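So this block is input12.cif, mmCIF, C-alpha atoms and all ligand atoms; chains and numbers go by the auth columns:
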```cif
data_protein
#
loop_
_atom_site.group_PDB
_atom_site.id
_atom_site.type_symbol
_atom_site.label_atom_id
_atom_site.label_comp_id
_atom_site.label_asym_id
_atom_site.label_seq_id
_atom_site.Cartn_x
_atom_site.Cartn_y
_atom_site.Cartn_z
_atom_site.B_iso_or_equiv
_atom_site.auth_seq_id
_atom_site.auth_asym_id
ATOM 1 C CA LYS A 1 11.473 -56.299 142.808 0.00 23 D
ATOM 2 C CA LYS A 2 9.560 -59.524 142.275 0.00 24 D
ATOM 3 C CA VAL A 3 6.460 -60.653 144.135 0.00 25 D
ATOM 4 C CA LEU A 4 4.835 -64.063 144.044 0.00 26 D
ATOM 5 C CA VAL A 5 1.037 -63.941 144.274 0.00 27 D
ATOM 6 C CA ILE A 6 -0.421 -67.197 145.566 0.00 28 D
ATOM 7 C CA ASN A 7 -4.094 -68.140 145.580 0.00 29 D
ATOM 8 C CA GLY A 8 -5.124 -71.323 147.331 0.00 30 D
ATOM 9 C CA PRO A 9 -8.011 -73.759 146.936 0.00 31 D
ATOM 10 C CA ASN A 10 -11.319 -72.796 145.333 0.00 32 D
ATOM 11 C CA LEU A 11 -10.118 -69.330 144.409 0.00 33 D
ATOM 12 C CA ASN A 12 -10.102 -70.449 140.760 0.00 34 D
ATOM 13 C CA MET A 13 -13.893 -70.515 141.215 0.00 35 D
ATOM 14 C CA LEU A 14 -14.167 -66.799 142.032 0.00 36 D
ATOM 15 C CA GLY A 15 -17.038 -65.181 140.149 0.00 37 D
ATOM 16 C CA ILE A 16 -19.046 -68.392 140.328 0.00 38 D
ATOM 17 C CA ARG A 17 -18.436 -69.374 143.930 0.00 39 D
ATOM 18 C CA GLU A 18 -20.735 -67.833 146.580 0.00 40 D
ATOM 19 C CA PRO A 19 -20.951 -64.420 144.867 0.00 41 D
ATOM 20 C CA GLY A 20 -22.705 -62.964 147.913 0.00 42 D
ATOM 21 C CA VAL A 21 -19.553 -63.601 149.949 0.00 43 D
ATOM 22 C CA TYR A 22 -16.756 -63.333 147.390 0.00 44 D
ATOM 23 C CA GLY A 23 -18.217 -61.063 144.694 0.00 45 D
ATOM 24 C CA THR A 24 -18.641 -61.627 140.980 0.00 46 D
ATOM 25 C CA VAL A 25 -15.124 -60.842 139.805 0.00 47 D
ATOM 26 C CA SER A 26 -13.093 -63.780 138.478 0.00 48 D
ATOM 27 C CA LEU A 27 -9.550 -64.555 139.619 0.00 49 D
ATOM 28 C CA SER A 28 -8.158 -63.738 136.181 0.00 50 D
ATOM 29 C CA VAL A 29 -9.715 -60.257 136.343 0.00 51 D
ATOM 30 C CA ILE A 30 -8.290 -59.757 139.849 0.00 52 D
ATOM 31 C CA ILE A 31 -4.846 -60.783 138.610 0.00 53 D
ATOM 32 C CA GLN A 32 -5.177 -58.506 135.576 0.00 54 D
ATOM 33 C CA GLY A 33 -5.937 -55.532 137.848 0.00 55 D
ATOM 34 C CA LEU A 34 -3.086 -56.467 140.173 0.00 56 D
ATOM 35 C CA THR A 35 -0.703 -56.722 137.216 0.00 57 D
ATOM 36 C CA GLU A 36 -1.690 -53.190 136.143 0.00 58 D
ATOM 37 C CA LEU A 37 -1.134 -51.904 139.684 0.00 59 D
ATOM 38 C CA ALA A 38 2.211 -53.726 139.804 0.00 60 D
ATOM 39 C CA GLU A 39 3.326 -51.921 136.641 0.00 61 D
ATOM 40 C CA VAL A 40 2.464 -48.563 138.186 0.00 62 D
ATOM 41 C CA LEU A 41 4.393 -49.542 141.327 0.00 63 D
ATOM 42 C CA SER A 42 7.328 -50.860 139.282 0.00 64 D
ATOM 43 C CA VAL A 43 7.188 -54.382 140.638 0.00 65 D
ATOM 44 C CA GLU A 44 7.002 -57.650 138.765 0.00 66 D
ATOM 45 C CA ILE A 45 4.363 -60.157 139.815 0.00 67 D
ATOM 46 C CA GLU A 46 4.027 -63.849 139.119 0.00 68 D
ATOM 47 C CA SER A 47 0.631 -65.347 139.808 0.00 69 D
ATOM 48 C CA PHE A 48 0.011 -68.917 140.942 0.00 70 D
ATOM 49 C CA GLN A 49 -3.191 -70.701 141.937 0.00 71 D
ATOM 50 C CA SER A 50 -3.480 -74.252 143.188 0.00 72 D
ATOM 51 C CA ASN A 51 -6.013 -76.410 144.949 0.00 73 D
ATOM 52 C CA HIS A 52 -3.209 -78.623 146.287 0.00 74 D
ATOM 53 C CA GLU A 53 -1.374 -77.978 149.519 0.00 75 D
ATOM 54 C CA GLY A 54 1.889 -79.590 148.357 0.00 76 D
ATOM 55 C CA HIS A 55 1.978 -77.563 145.141 0.00 77 D
ATOM 56 C CA ILE A 56 1.575 -74.373 147.136 0.00 78 D
ATOM 57 C CA ILE A 57 4.403 -75.457 149.431 0.00 79 D
ATOM 58 C CA ASP A 58 6.671 -76.235 146.442 0.00 80 D
ATOM 59 C CA LYS A 59 5.915 -72.806 144.983 0.00 81 D
ATOM 60 C CA ILE A 60 6.761 -71.085 148.280 0.00 82 D
ATOM 61 C CA HIS A 61 10.088 -72.953 148.365 0.00 83 D
ATOM 62 C CA GLU A 62 10.801 -71.911 144.764 0.00 84 D
ATOM 63 C CA ALA A 63 10.344 -68.286 145.784 0.00 85 D
ATOM 64 C CA PHE A 64 13.384 -68.570 148.048 0.00 86 D
ATOM 65 C CA GLY A 65 16.200 -66.708 146.310 0.00 87 D
ATOM 66 C CA THR A 66 14.056 -65.823 143.276 0.00 88 D
ATOM 67 C CA LYS A 67 11.379 -63.517 144.732 0.00 89 D
ATOM 68 C CA ASP A 68 11.448 -60.569 147.128 0.00 90 D
ATOM 69 C CA GLY A 69 8.058 -61.051 148.705 0.00 91 D
ATOM 70 C CA ILE A 70 4.839 -63.062 148.750 0.00 92 D
ATOM 71 C CA LEU A 71 1.190 -62.011 148.639 0.00 93 D
ATOM 72 C CA ILE A 72 -0.962 -64.965 149.616 0.00 94 D
ATOM 73 C CA ASN A 73 -4.614 -65.834 149.935 0.00 95 D
ATOM 74 C CA PRO A 74 -4.338 -69.374 151.314 0.00 96 D
ATOM 75 C CA GLY A 75 -8.132 -69.917 151.106 0.00 97 D
ATOM 76 C CA ALA A 76 -9.321 -72.511 153.608 0.00 98 D
ATOM 77 C CA PHE A 77 -5.689 -73.596 154.220 0.00 99 D
ATOM 78 C CA THR A 78 -5.462 -70.366 156.224 0.00 100 D
ATOM 79 C CA HIS A 79 -7.309 -72.086 159.019 0.00 101 D
ATOM 80 C CA TYR A 80 -5.466 -75.386 159.296 0.00 102 D
ATOM 81 C CA SER A 81 -2.372 -75.787 157.132 0.00 103 D
ATOM 82 C CA TYR A 82 0.591 -75.927 159.487 0.00 104 D
ATOM 83 C CA ALA A 83 2.590 -77.114 156.460 0.00 105 D
ATOM 84 C CA ILE A 84 1.959 -73.885 154.530 0.00 106 D
ATOM 85 C CA ARG A 85 2.710 -71.887 157.652 0.00 107 D
ATOM 86 C CA ASP A 86 6.020 -73.763 158.050 0.00 108 D
ATOM 87 C CA ALA A 87 6.861 -73.230 154.367 0.00 109 D
ATOM 88 C CA LEU A 88 6.322 -69.481 154.752 0.00 110 D
ATOM 89 C CA SER A 89 8.458 -69.378 157.834 0.00 111 D
ATOM 90 C CA SER A 90 11.151 -71.515 156.133 0.00 112 D
ATOM 91 C CA VAL A 91 11.749 -69.092 153.269 0.00 113 D
ATOM 92 C CA GLN A 92 11.656 -65.982 155.479 0.00 114 D
ATOM 93 C CA LEU A 93 10.340 -63.751 152.694 0.00 115 D
ATOM 94 C CA PRO A 94 8.204 -60.748 153.609 0.00 116 D
ATOM 95 C CA THR A 95 4.626 -61.957 153.187 0.00 117 D
ATOM 96 C CA VAL A 96 1.190 -60.371 153.366 0.00 118 D
ATOM 97 C CA GLU A 97 -1.924 -62.494 153.849 0.00 119 D
ATOM 98 C CA VAL A 98 -5.125 -61.359 152.161 0.00 120 D
ATOM 99 C CA HIS A 99 -8.759 -62.411 152.259 0.00 121 D
ATOM 100 C CA LEU A 100 -11.645 -61.153 150.187 0.00 122 D
ATOM 101 C CA SER A 101 -14.127 -61.686 153.012 0.00 123 D
ATOM 102 C CA ASN A 102 -13.764 -60.535 156.605 0.00 124 D
ATOM 103 C CA ILE A 103 -12.863 -63.909 158.125 0.00 125 D
ATOM 104 C CA HIS A 104 -13.488 -62.560 161.619 0.00 126 D
ATOM 105 C CA LYS A 105 -17.185 -61.986 161.090 0.00 127 D
ATOM 106 C CA ARG A 106 -17.871 -65.361 159.498 0.00 128 D
ATOM 107 C CA GLU A 107 -18.063 -68.910 160.888 0.00 129 D
ATOM 108 C CA GLU A 108 -16.061 -69.610 164.025 0.00 130 D
ATOM 109 C CA PHE A 109 -13.608 -71.920 162.189 0.00 131 D
ATOM 110 C CA ARG A 110 -12.556 -69.016 159.946 0.00 132 D
ATOM 111 C CA HIS A 111 -11.651 -66.724 162.826 0.00 133 D
ATOM 112 C CA HIS A 112 -8.299 -68.361 163.386 0.00 134 D
ATOM 113 C CA SER A 113 -5.452 -68.093 160.898 0.00 135 D
ATOM 114 C CA VAL A 114 -2.489 -70.422 161.392 0.00 136 D
ATOM 115 C CA THR A 115 -0.510 -68.427 158.820 0.00 137 D
ATOM 116 C CA ALA A 116 -1.080 -64.989 160.382 0.00 138 D
ATOM 117 C CA PRO A 117 1.739 -65.358 162.977 0.00 139 D
ATOM 118 C CA VAL A 118 4.387 -65.819 160.225 0.00 140 D
ATOM 119 C CA VAL A 119 3.360 -62.929 157.945 0.00 141 D
ATOM 120 C CA ILE A 120 3.861 -59.161 158.235 0.00 142 D
ATOM 121 C CA GLY A 121 0.121 -58.604 158.429 0.00 143 D
ATOM 122 C CA GLN A 122 -3.291 -59.640 157.260 0.00 144 D
ATOM 123 C CA ILE A 123 -5.834 -57.714 155.166 0.00 145 D
ATOM 124 C CA SER A 124 -9.324 -59.147 155.320 0.00 146 D
ATOM 125 C CA GLY A 125 -12.739 -58.014 154.191 0.00 147 D
ATOM 126 C CA PHE A 126 -12.146 -55.568 151.344 0.00 148 D
ATOM 127 C CA GLY A 127 -12.982 -57.855 148.441 0.00 149 D
ATOM 128 C CA VAL A 128 -10.742 -57.343 145.403 0.00 150 D
ATOM 129 C CA GLN A 129 -9.262 -54.308 147.129 0.00 151 D
ATOM 130 C CA SER A 130 -7.706 -56.613 149.777 0.00 152 D
ATOM 131 C CA TYR A 131 -5.222 -57.718 147.101 0.00 153 D
ATOM 132 C CA GLU A 132 -4.388 -54.164 146.037 0.00 154 D
ATOM 133 C CA LEU A 133 -3.967 -52.978 149.613 0.00 155 D
ATOM 134 C CA GLY A 134 -1.897 -56.089 150.325 0.00 156 D
ATOM 135 C CA LEU A 135 0.448 -55.460 147.403 0.00 157 D
ATOM 136 C CA ARG A 136 0.913 -51.813 148.415 0.00 158 D
ATOM 137 C CA ALA A 137 1.561 -52.782 152.046 0.00 159 D
ATOM 138 C CA LEU A 138 4.044 -55.460 151.007 0.00 160 D
ATOM 139 C CA LEU A 139 5.975 -53.050 148.796 0.00 161 D
ATOM 140 C CA THR A 140 6.090 -50.383 151.482 0.00 162 D
ATOM 141 C CA HIS A 141 7.504 -52.993 153.843 0.00 163 D
ATOM 142 C CA MET A 142 10.061 -54.223 151.267 0.00 164 D
ATOM 143 C CA GLN A 143 11.435 -50.725 150.566 0.00 165 D
HETATM 144 C C1 LIG B . -10.921 -66.658 151.964 0.00 201 O
HETATM 145 C C2 LIG B . -11.586 -66.975 153.325 0.00 201 O
HETATM 146 C C3 LIG B . -11.433 -68.445 153.680 0.00 201 O
HETATM 147 O O1 LIG B . -12.074 -68.707 154.917 0.00 201 O
HETATM 148 C C4 LIG B . -12.088 -69.304 152.629 0.00 201 O
HETATM 149 O O2 LIG B . -11.881 -70.678 152.919 0.00 201 O
HETATM 150 C C5 LIG B . -11.617 -68.984 151.245 0.00 201 O
HETATM 151 C C6 LIG B . -11.441 -67.575 150.880 0.00 201 O
HETATM 152 C C7 LIG B . -11.199 -65.219 151.516 0.00 201 O
HETATM 153 O O3 LIG B . -10.507 -64.756 150.605 0.00 201 O
HETATM 154 O O4 LIG B . -12.111 -64.547 152.039 0.00 201 O
HETATM 155 O O5 LIG B . -11.432 -69.866 150.410 0.00 201 O
HETATM 156 O O6 LIG B . -9.521 -66.830 152.088 0.00 201 O
#
```

The structure in this file should be written as structure tokens.
Amino acid sequence: KKVLVINGPNLNMLGIREPGVYGTVSLSVIIQGLTELAEVLSVEIESFQSNHEGHIIDKIHEAFGTKDGILINPGAFTHYSYAIRDALSSVQLPTVEVHLSNIHKREEFRHHSVTAPVVIGQISGFGVQSYELGLRALLTHMQ
């Protein structure tokens, strides 16, 4: 099985960016840990990060026919990108949405996710563990 892991805007700044909210772990360390977990779970992961909406959409389209599922942290696009939502619903791949922070206890504009209605489920608020829980949940769903 193959899973595409997508990280949206500003997630390349993890470790530096608002450590009180997002922690001190860099994205590359998160991906390293996720790759180790993926090996244990016998799944292949490809990791992609972009700050550009269109690039994320292209990558989602590419996953059609080549990947079995998507794990995505859309960053701020979560709250307003109808285009990413439509891309996810176009490819019809099982998808789990993850967030490091608990978006529901932050600013009002973060409470709504436009992508949530087109994914299996959302995991929010567990820091790095959100990704691990998300990957496990996605695989359980894919089996
Ligand atoms: C985030 C939450 C979003 O509101 C924010 O814009 C991010 C990161 C998270 O992982 O907690 O960039 O998706």

Explicit residues for the PyMOL selection byres (((not hetatm)) within 12 of (chain O and resi 201)) (as JSON, numbers by chain): {"D": [28, 29, 30, 31, 32, 33, 34, 35, 36, 39, 40, 41, 42, 43, 44, 45, 49, 71, 72, 73, 94, 95, 96, 97, 98, 99, 100, 101, 102, 103, 119, 120, 121, 122, 123, 124, 125, 126, 127, 128, 129, 130, 131, 132, 133, 134, 135, 136, 137, 138, 144, 145, 146, 147, 148, 149, 150, 151, 152, 153]}

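Pairwise distance (CA of His83 (chain D), CA of Val113 (chain D)) equals 6.5 Å.
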
Set the distance at 9 Å and use only C-alpha atoms: which residues neighbour Asp90 (chain D) once local chain neighbours fewer than 2 positions away are removed? I'd like the list as a count of residues only. 12

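CA of Leu161 (chain D) sits 8.3 Å away from CA of Gly91 (chain D).
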
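The space separating CA of Ser50 (chain D) from CA of Ile82 (chain D) comes to 20.6 Å.
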
Just the residues within 6 Å of region 109-111 of chain D, please, counting all atoms listed in the file, with nothing from its chain fewer than 2 positions along; format it as a list in words. Ile79, Ile106, Arg107, Val113, Gln114 and Val140 of chain D

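Once Leu160 (chain D) and its same-chain neighbours fewer than 3 positions away are set aside, Thr117, Val118, Gly156, Leu157, His163 and Met164 of chain D remain within 7 Å of it when counting all atoms listed in the file.
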
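Residue nearest Lys81 (chain D), chosen from D:Val27, D:Glu58, D:Tyr104, D:Glu66 and counting all atoms listed in the file: D:Val27.
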